[in-house]
>>> print(open('data31.txt').read())   # compact mmCIF, C-alpha atoms
# COMPACT_ATOMS: atom_id res chain seq x y z
CA MET A 58 -8.10 -38.95 -28.46
CA THR A 59 -11.01 -40.63 -30.22
CA VAL A 60 -13.18 -39.23 -32.99
CA GLN A 61 -15.98 -38.90 -30.41
CA ASP A 62 -13.69 -36.87 -28.14
CA LEU A 63 -12.94 -34.52 -31.04
CA ILE A 64 -16.66 -34.14 -31.78
CA ASN A 65 -17.38 -33.31 -28.15
CA GLU A 66 -14.53 -30.81 -27.82
CA LEU A 67 -15.23 -28.92 -31.05
CA HIS A 68 -19.03 -29.38 -31.17
CA LEU A 69 -18.84 -30.94 -34.61
CA THR A 70 -21.68 -32.14 -36.82
CA VAL A 71 -21.65 -35.87 -37.59
CA PHE A 72 -22.83 -36.55 -41.15
CA CYS A 73 -22.16 -40.28 -41.05
CA GLY A 74 -19.92 -42.96 -39.56
CA GLN A 75 -21.47 -43.03 -36.09
CA GLU A 76 -20.48 -46.68 -35.73
CA ASN A 77 -16.77 -45.78 -35.85
CA LEU A 78 -16.55 -42.79 -33.52
CA ASN A 79 -14.36 -44.82 -31.17
CA ARG A 80 -11.45 -44.73 -33.62
CA GLU A 81 -8.25 -43.27 -32.25
CA ILE A 82 -6.88 -40.12 -33.87
CA GLN A 83 -3.10 -40.22 -34.17
CA GLY A 84 -2.71 -36.80 -35.78
CA GLY A 85 -4.16 -34.49 -38.37
CA TYR A 86 -3.59 -33.56 -41.98
CA THR A 87 -4.88 -30.41 -43.66
CA SER A 88 -5.01 -30.16 -47.43
CA ASP A 89 -7.48 -29.73 -50.25
CA LEU A 90 -5.15 -31.26 -52.84
CA LEU A 91 -6.02 -34.95 -53.11
CA SER A 92 -2.59 -35.98 -54.43
CA ASP A 93 -0.94 -34.24 -51.46
CA VAL A 94 -3.06 -36.20 -49.00
CA MET A 95 -2.43 -39.42 -50.88
CA GLY A 96 1.31 -38.81 -50.71
CA PHE A 97 1.73 -37.56 -47.17
CA ALA A 98 -1.20 -38.32 -44.84
CA THR A 99 -0.69 -41.27 -42.54
CA GLU A 100 -2.92 -43.89 -40.97
CA GLY A 101 -5.04 -42.72 -38.06
CA GLN A 102 -5.08 -39.04 -38.93
CA VAL A 103 -8.14 -36.82 -39.22
CA TRP A 104 -8.22 -35.09 -42.62
CA ILE A 105 -9.32 -31.44 -42.54
CA THR A 106 -10.60 -30.29 -45.93
CA LEU A 107 -13.26 -28.36 -47.81
CA GLN A 108 -13.56 -31.05 -50.51
CA THR A 109 -16.99 -32.68 -50.47
CA HIS A 110 -16.93 -35.21 -53.30
CA LYS A 111 -16.66 -38.98 -53.50
CA ASN A 112 -12.93 -39.07 -54.38
CA VAL A 113 -12.13 -37.86 -50.87
CA LEU A 114 -13.38 -41.20 -49.54
CA ALA A 115 -11.21 -43.23 -51.87
CA ILE A 116 -8.13 -41.53 -50.47
CA ALA A 117 -9.33 -41.63 -46.86
CA SER A 118 -9.92 -45.36 -47.20
CA LEU A 119 -6.60 -45.98 -48.95
CA LYS A 120 -4.70 -44.09 -46.24
CA GLU A 121 -6.81 -45.61 -43.41
CA LEU A 122 -7.68 -42.21 -41.97
CA SER A 123 -9.74 -42.00 -38.79
CA ALA A 124 -12.17 -39.34 -40.02
CA ILE A 125 -12.78 -36.53 -42.48
CA LEU A 126 -13.55 -33.07 -41.11
CA LEU A 127 -15.25 -30.66 -43.53
CA VAL A 128 -14.75 -26.95 -42.83
CA LYS A 129 -16.51 -23.66 -43.64
CA GLY A 130 -20.00 -25.14 -43.35
CA ASN A 131 -19.45 -27.46 -46.31
CA LYS A 132 -21.68 -30.52 -46.43
CA PRO A 133 -20.83 -33.82 -48.11
CA GLU A 134 -22.31 -34.47 -51.52
CA ASP A 135 -24.71 -37.43 -51.72
CA ASP A 136 -22.16 -39.70 -53.44
CA MET A 137 -19.59 -38.85 -50.77
CA LEU A 138 -22.02 -39.81 -48.00
CA GLU A 139 -22.91 -43.03 -49.75
CA GLN A 140 -19.24 -43.99 -50.12
CA ALA A 141 -18.47 -42.96 -46.52
CA LYS A 142 -21.23 -45.25 -45.25
CA GLU A 143 -19.83 -48.15 -47.30
CA GLU A 144 -16.29 -47.51 -46.04
CA GLY A 145 -17.36 -46.82 -42.44
CA ILE A 146 -15.42 -43.56 -42.31
CA PRO A 147 -16.83 -40.80 -40.10
CA VAL A 148 -17.51 -37.54 -41.94
CA LEU A 149 -17.72 -34.54 -39.63
CA GLY A 150 -18.39 -30.86 -40.15
CA THR A 151 -17.76 -27.41 -38.72
CA THR A 152 -18.64 -23.88 -39.78
CA GLU A 153 -15.19 -22.65 -38.80
CA GLN A 154 -12.40 -21.80 -41.22
CA THR A 155 -9.64 -24.28 -42.04
CA PHE A 156 -6.93 -22.36 -40.18
CA GLU A 157 -8.86 -22.14 -36.93
CA THR A 158 -10.00 -25.75 -37.15
CA ALA A 159 -6.48 -27.07 -37.76
CA GLY A 160 -5.17 -25.03 -34.83
CA LYS A 161 -7.81 -26.36 -32.46
CA VAL A 162 -7.25 -29.96 -33.55
CA TYR A 163 -3.50 -29.51 -33.10
CA GLN A 164 -3.96 -28.11 -29.60
CA LEU A 165 -6.30 -30.92 -28.58
CA LEU A 166 -3.94 -33.61 -29.86
CA ASN A 167 -0.95 -32.09 -28.08
CA ARG A 168 -2.34 -31.38 -24.64
>>> encode(input="data31.txt", output="C-alpha cells")
Amino acid sequence: MTVQDLINELHLTVFCGQENLNREIQGGYTSDLLSDVMGFATEGQVWITLQTHKNVLAIASLKELSAILLVKGNKPEDDMLEQAKEEGIPVLGTTEQTFETAGKVYQLLNR
C-alpha cells in the first residue's frame, strides 16, 4: 500500500509531502512518546500521533518513516511543516481518534 492509497481509503488531509505520496507503507507505529518511536519504529512505517511539533520530523527522518498521520483534528505547527517540506516526508491528518485510526490502518495493511 502506498501513502496515496492510505489517503484515498481513509479520506485523509494532506498537509505537505505531495511529491512523496508514492512511498510504500510497510506497517504502522502508534505512539506519542518520541523516545518510544525512536527506539522501536522501523523504516517504511506510517507514524500515527497527536504530536505536532518539529521534533517529530527529526525522528521520522532518522527512522526513514513513510509518513506521519496526525489524529484528532490536530494540525502541524509551522516549524513542523517547514521541516517536513525540507525532509520530503508526507504529513497527513484525520479528525478521528488514535484508536480508530490505528485500527483502520491495521486492517488496510493486512487485507
>>> closest_atom_pairs(input="data31.txt", of="stretch 87-150 of chain A", to="stretch 59-80 of chain A", cutoff="6 Å", atoms="all atoms listed in the file", output="Markdown table")
| residue | atom | partner | partner_atom | distance |
| --- | --- | --- | --- | --- |
| A:Gly145 | CA | A:Gly74 | CA | 5.5 |
| A:Ile146 | CA | A:Gly74 | CA | 5.3 |
| A:Pro147 | CA | A:Gly74 | CA | 3.8 |
| A:Val148 | CA | A:Phe72 | CA | 5.5 |
| A:Leu149 | CA | A:Val71 | CA | 4.6 |
| A:Gly150 | CA | A:Thr70 | CA | 4.9 |
>>> residues_around(input="data31.txt", residues="stretch 107-120 of chain A", least_positions_apart="5", cutoff="12 Å", atoms="only C-alpha atoms", output="ChimeraX atom specification")
/A:72,86-102,125-156,158
>>> axis_aligned_box(input="data31.txt", around="stretch 97-101 of chain A", padding_each_side="8 Å", output="AutoDock Vina command-line options")
--center_x -1.7 --center_y -40.7 --center_z -42.6 --size_x 22.8 --size_y 22.3 --size_z 25.1
>>> atom_distance(input="data31.txt", atom1="atom CA of A:Thr106", atom2="atom CA of A:Asn167")
20.4 Å
>>> atom_distance(input="data31.txt", atom1="atom CA of A:Trp104", atom2="atom CA of A:Glu157")
14.2 Å
>>> atom_distance(input="data31.txt", atom1="atom CA of A:Gly160", atom2="atom CA of A:Gly84")
12.1 Å
>>> closest_residue(input="data31.txt", among="A:Met58, A:Ala124, A:Ile82, A:Leu166", to="A:Ile105", atoms="all atoms listed in the file")
A:Ala124
